[in-house]
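Colleague: Got a structure for you, questions after.
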Amino acid sequence: MPESIIELKKLLEQRTNELESCEERLRSVIQDNTDRKQIEEALRESEVKLASRALELEAANRELEAFNYTVSHDLRSPLTTIGGFCELLLGLGKSHLDDQCKSIIRHICGTVRHMDQLIETLMNFSRISNREMTRETVNLSTMADALAAQLKMGEPQRQVNFIIAKGVKVEGDAKLLREVLENLLGNAWKYTGKLEKAQIEFGVNETNGTTTYFVRDNGPGFDMAQADRLFIPFHRLHSREEFAGHGIGLSTAQRIILRHGGRIWAEGEPGLGATFYFTLEQQAEFPTRHHQVAV
């Protein structure tokens with residue numbers, strides 16, 4: 001066989017191999033494109049389903065909150081009637097009722113008042129998600145100072161040292177953020193009530209560009225294994241006899257913080273106090289110093 005034919009045969013085999021290799025690569029590219037299109041289509045379908053599910057959940061939440069508000073509102077009427085009749089019985093039958101009867105009627109009146117307060121709390125809880133938010137600059141330090149003074153006025157015999165960060169300003173709804181601080185500071189005040197000398201601190205930290213606010217106390221603290229349960233409505237780590245309250249304050253604070261695009265969490269240790277942290281969507285002016293308010 002002439003050399004030219006042999007070389008031509010080798011060249012033909014080489015080109016054939018190259019074509020087969022190109023064909024394999026082309027198949028791979030086509031398959032990759034097909035897989036990519038399938039993945040993109042699956043992602044689009046998932047996004048549509050998630051959006052639809054989010055709308056369903058939002059509608060369900062609105063219906064649940066409306067139901068909660070309506071039921072709570074309708075319950076107040078019979079409660080008012082019961083309370084009114086109890087007061088009437090005590091007034092009209094004062095000279096005819098023995099001490100045991102009076103005690104029972106007073107107990108009913110107290111229970112009615114407690115139920116009325118609980119219903120009011122539920123109605124406020126429902127309103128939080130529905131009320132329109134107004135964005136403005138809010139001085140949390142000034143707000144914390146006012147709340148500290150208010151708490152002291154309620155129990156002037158207590159010795160409590162408030163440490164409040166100075167110059168903490170944020171963007172948010174002033175009324176809602178006041179409820180957050182009112183719940184967190186009130187919570188700290190309540191759980192330090194059995195201490196001779198209590199300390200409650202409102203402060204702020206900045207880590208990796210994220211501003212975190214906190215309320216810290218030296219109260220009884222809690223087991224971190226129960227941290228996630230703190231924000232469940234009506235869930236209590238302590239009995240009502242030990243610490244008063246309805247068990248909805250932290251849930252209210254969480255709902256408000258979520259509406260501000262932030263998050264809230266807690267850290268604690270039994271006997272060593274508790275710290276509640278929260279973030280907001282807008283960054284605050286980071287304070288340069290603290291001041292103490294001994295009240």
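Chain labels A, B, ... are given in the sequence in which chains occur in the structure tokens; within each chain residues are numbered consecutively from 1, and ligands are likewise numbered from 1 in the order shown.
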I want to know what sits within 10 Å of Lys197 of chain A, based on only C-alpha atoms, with residues of the same chain fewer than 6 positions away left out; could you give that as a short mmCIF file (atom, residue, chain, number, x, y, z; two decimals) with C-alpha atoms, in the first residue's frame?

Modeller:
```cif
data_model
loop_
_atom_site.label_atom_id
_atom_site.label_comp_id
_atom_site.auth_asym_id
_atom_site.auth_seq_id
_atom_site.Cartn_x
_atom_site.Cartn_y
_atom_site.Cartn_z
CA ARG A 158 -37.68 48.60 95.37
CA GLN A 159 -33.95 49.15 94.89
CA VAL A 160 -33.22 48.77 91.20
CA ASN A 161 -30.24 50.11 89.26
CA ASN A 218 -29.85 39.63 87.17
#
```

Colleague: Per residue of segment 109-214 of chain A within 10 Å of segment 268-276 of chain A, record the nearest atom pair and its distance in Å to one decimal, counting only C-alpha atoms, with rows in chain order and ascending residue number, as JSON lines.

Modeller:
```
{"residue": "A:Leu184", "atom": "CA", "partner": "A:Phe276", "partner_atom": "CA", "distance": 7.5}
{"residue": "A:Leu185", "atom": "CA", "partner": "A:Phe276", "partner_atom": "CA", "distance": 9.8}
{"residue": "A:Ala188", "atom": "CA", "partner": "A:Ala274", "partner_atom": "CA", "distance": 8.2}
{"residue": "A:Tyr191", "atom": "CA", "partner": "A:Gly273", "partner_atom": "CA", "distance": 8.9}
{"residue": "A:Thr192", "atom": "CA", "partner": "A:Gly273", "partner_atom": "CA", "distance": 8.7}
{"residue": "A:Gln199", "atom": "CA", "partner": "A:Gly273", "partner_atom": "CA", "distance": 9.8}
{"residue": "A:Ile200", "atom": "CA", "partner": "A:Thr275", "partner_atom": "CA", "distance": 9.7}
{"residue": "A:Glu201", "atom": "CA", "partner": "A:Thr275", "partner_atom": "CA", "distance": 9.1}
{"residue": "A:Phe202", "atom": "CA", "partner": "A:Thr275", "partner_atom": "CA", "distance": 9.6}
{"residue": "A:Tyr213", "atom": "CA", "partner": "A:Phe276", "partner_atom": "CA", "distance": 8.3}
{"residue": "A:Phe214", "atom": "CA", "partner": "A:Phe276", "partner_atom": "CA", "distance": 5.4}
```

Colleague: Dump C-alpha atoms for the selected residues as an mmCIF file, in the first residue's frame?

Modeller:
```cif
data_model
loop_
_atom_site.group_PDB
_atom_site.id
_atom_site.type_symbol
_atom_site.label_atom_id
_atom_site.label_comp_id
_atom_site.auth_asym_id
_atom_site.auth_seq_id
_atom_site.Cartn_x
_atom_site.Cartn_y
_atom_site.Cartn_z
ATOM 1 C CA LEU A 184 -38.816 43.518 77.886
ATOM 2 C CA LEU A 185 -38.099 46.013 80.678
ATOM 3 C CA ALA A 188 -36.944 42.155 83.702
ATOM 4 C CA TYR A 191 -38.421 38.674 87.431
ATOM 5 C CA THR A 192 -36.041 40.672 89.622
ATOM 6 C CA GLN A 199 -29.962 45.514 88.035
ATOM 7 C CA ILE A 200 -31.571 45.969 84.641
ATOM 8 C CA GLU A 201 -29.593 47.053 81.587
ATOM 9 C CA PHE A 202 -30.633 48.281 78.167
ATOM 10 C CA TYR A 213 -30.068 45.665 71.123
ATOM 11 C CA PHE A 214 -30.525 43.912 74.441
#
```

Colleague: So which residues of segment 30-277 of chain A fall under alpha helix (DSSP H) by DSSP, listed as an NGL selection string?

Modeller: :A and (30-92 or 99-130 or 140-154 or 174-191 or 249-259)

Colleague: Can you list, as a ChimeraX atom specification, all residues belonging to segment 54-283 of chain A that DSSP tags as strand (DSSP E or B)?

Modeller: /A:136-139,160-165,169-172,198-207,210-217,264-268,274-278

Colleague: Write out as a PyMOL selection string the residues lying within 7 Å of His260 of chain A, counting only C-alpha atoms and excluding same-chain residues fewer than 5 positions away.

Modeller: chain A and resi 172+280-281

Colleague: What does the structure give for the distance between atom CA of Gly84 of chain A and atom CA of Gly249 of chain A, in Å to one decimal?

Modeller: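 It comes out at 28.8 Å.
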
Colleague: Residues within 8 Å of Asp173 of chain A, please, as a PyMOL selection string. Count only C-alpha atoms; anything in the same chain fewer than 2 positions from it doesn't count.

Modeller: chain A and resi 133-136+138+171+175-177

Colleague: Restricting it to C-alpha atoms, dump the selection as an mmCIF file, in the first residue's frame.

Modeller:
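Once everything was written out, this is part23.cif:
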```
data_model
loop_
_atom_site.group_PDB
_atom_site.id
_atom_site.type_symbol
_atom_site.label_atom_id
_atom_site.label_comp_id
_atom_site.auth_asym_id
_atom_site.auth_seq_id
_atom_site.Cartn_x
_atom_site.Cartn_y
_atom_site.Cartn_z
ATOM 1 C CA MET A 133 -46.824 51.181 60.806
ATOM 2 C CA THR A 134 -45.387 54.694 60.790
ATOM 3 C CA ARG A 135 -41.649 54.968 60.185
ATOM 4 C CA GLU A 136 -39.860 57.668 62.132
ATOM 5 C CA VAL A 138 -37.141 56.767 67.589
ATOM 6 C CA GLU A 171 -36.019 53.943 62.447
ATOM 7 C CA LYS A 175 -45.693 53.108 69.509
ATOM 8 C CA LEU A 176 -44.833 49.529 68.586
ATOM 9 C CA LEU A 177 -41.205 49.848 69.649
#
```
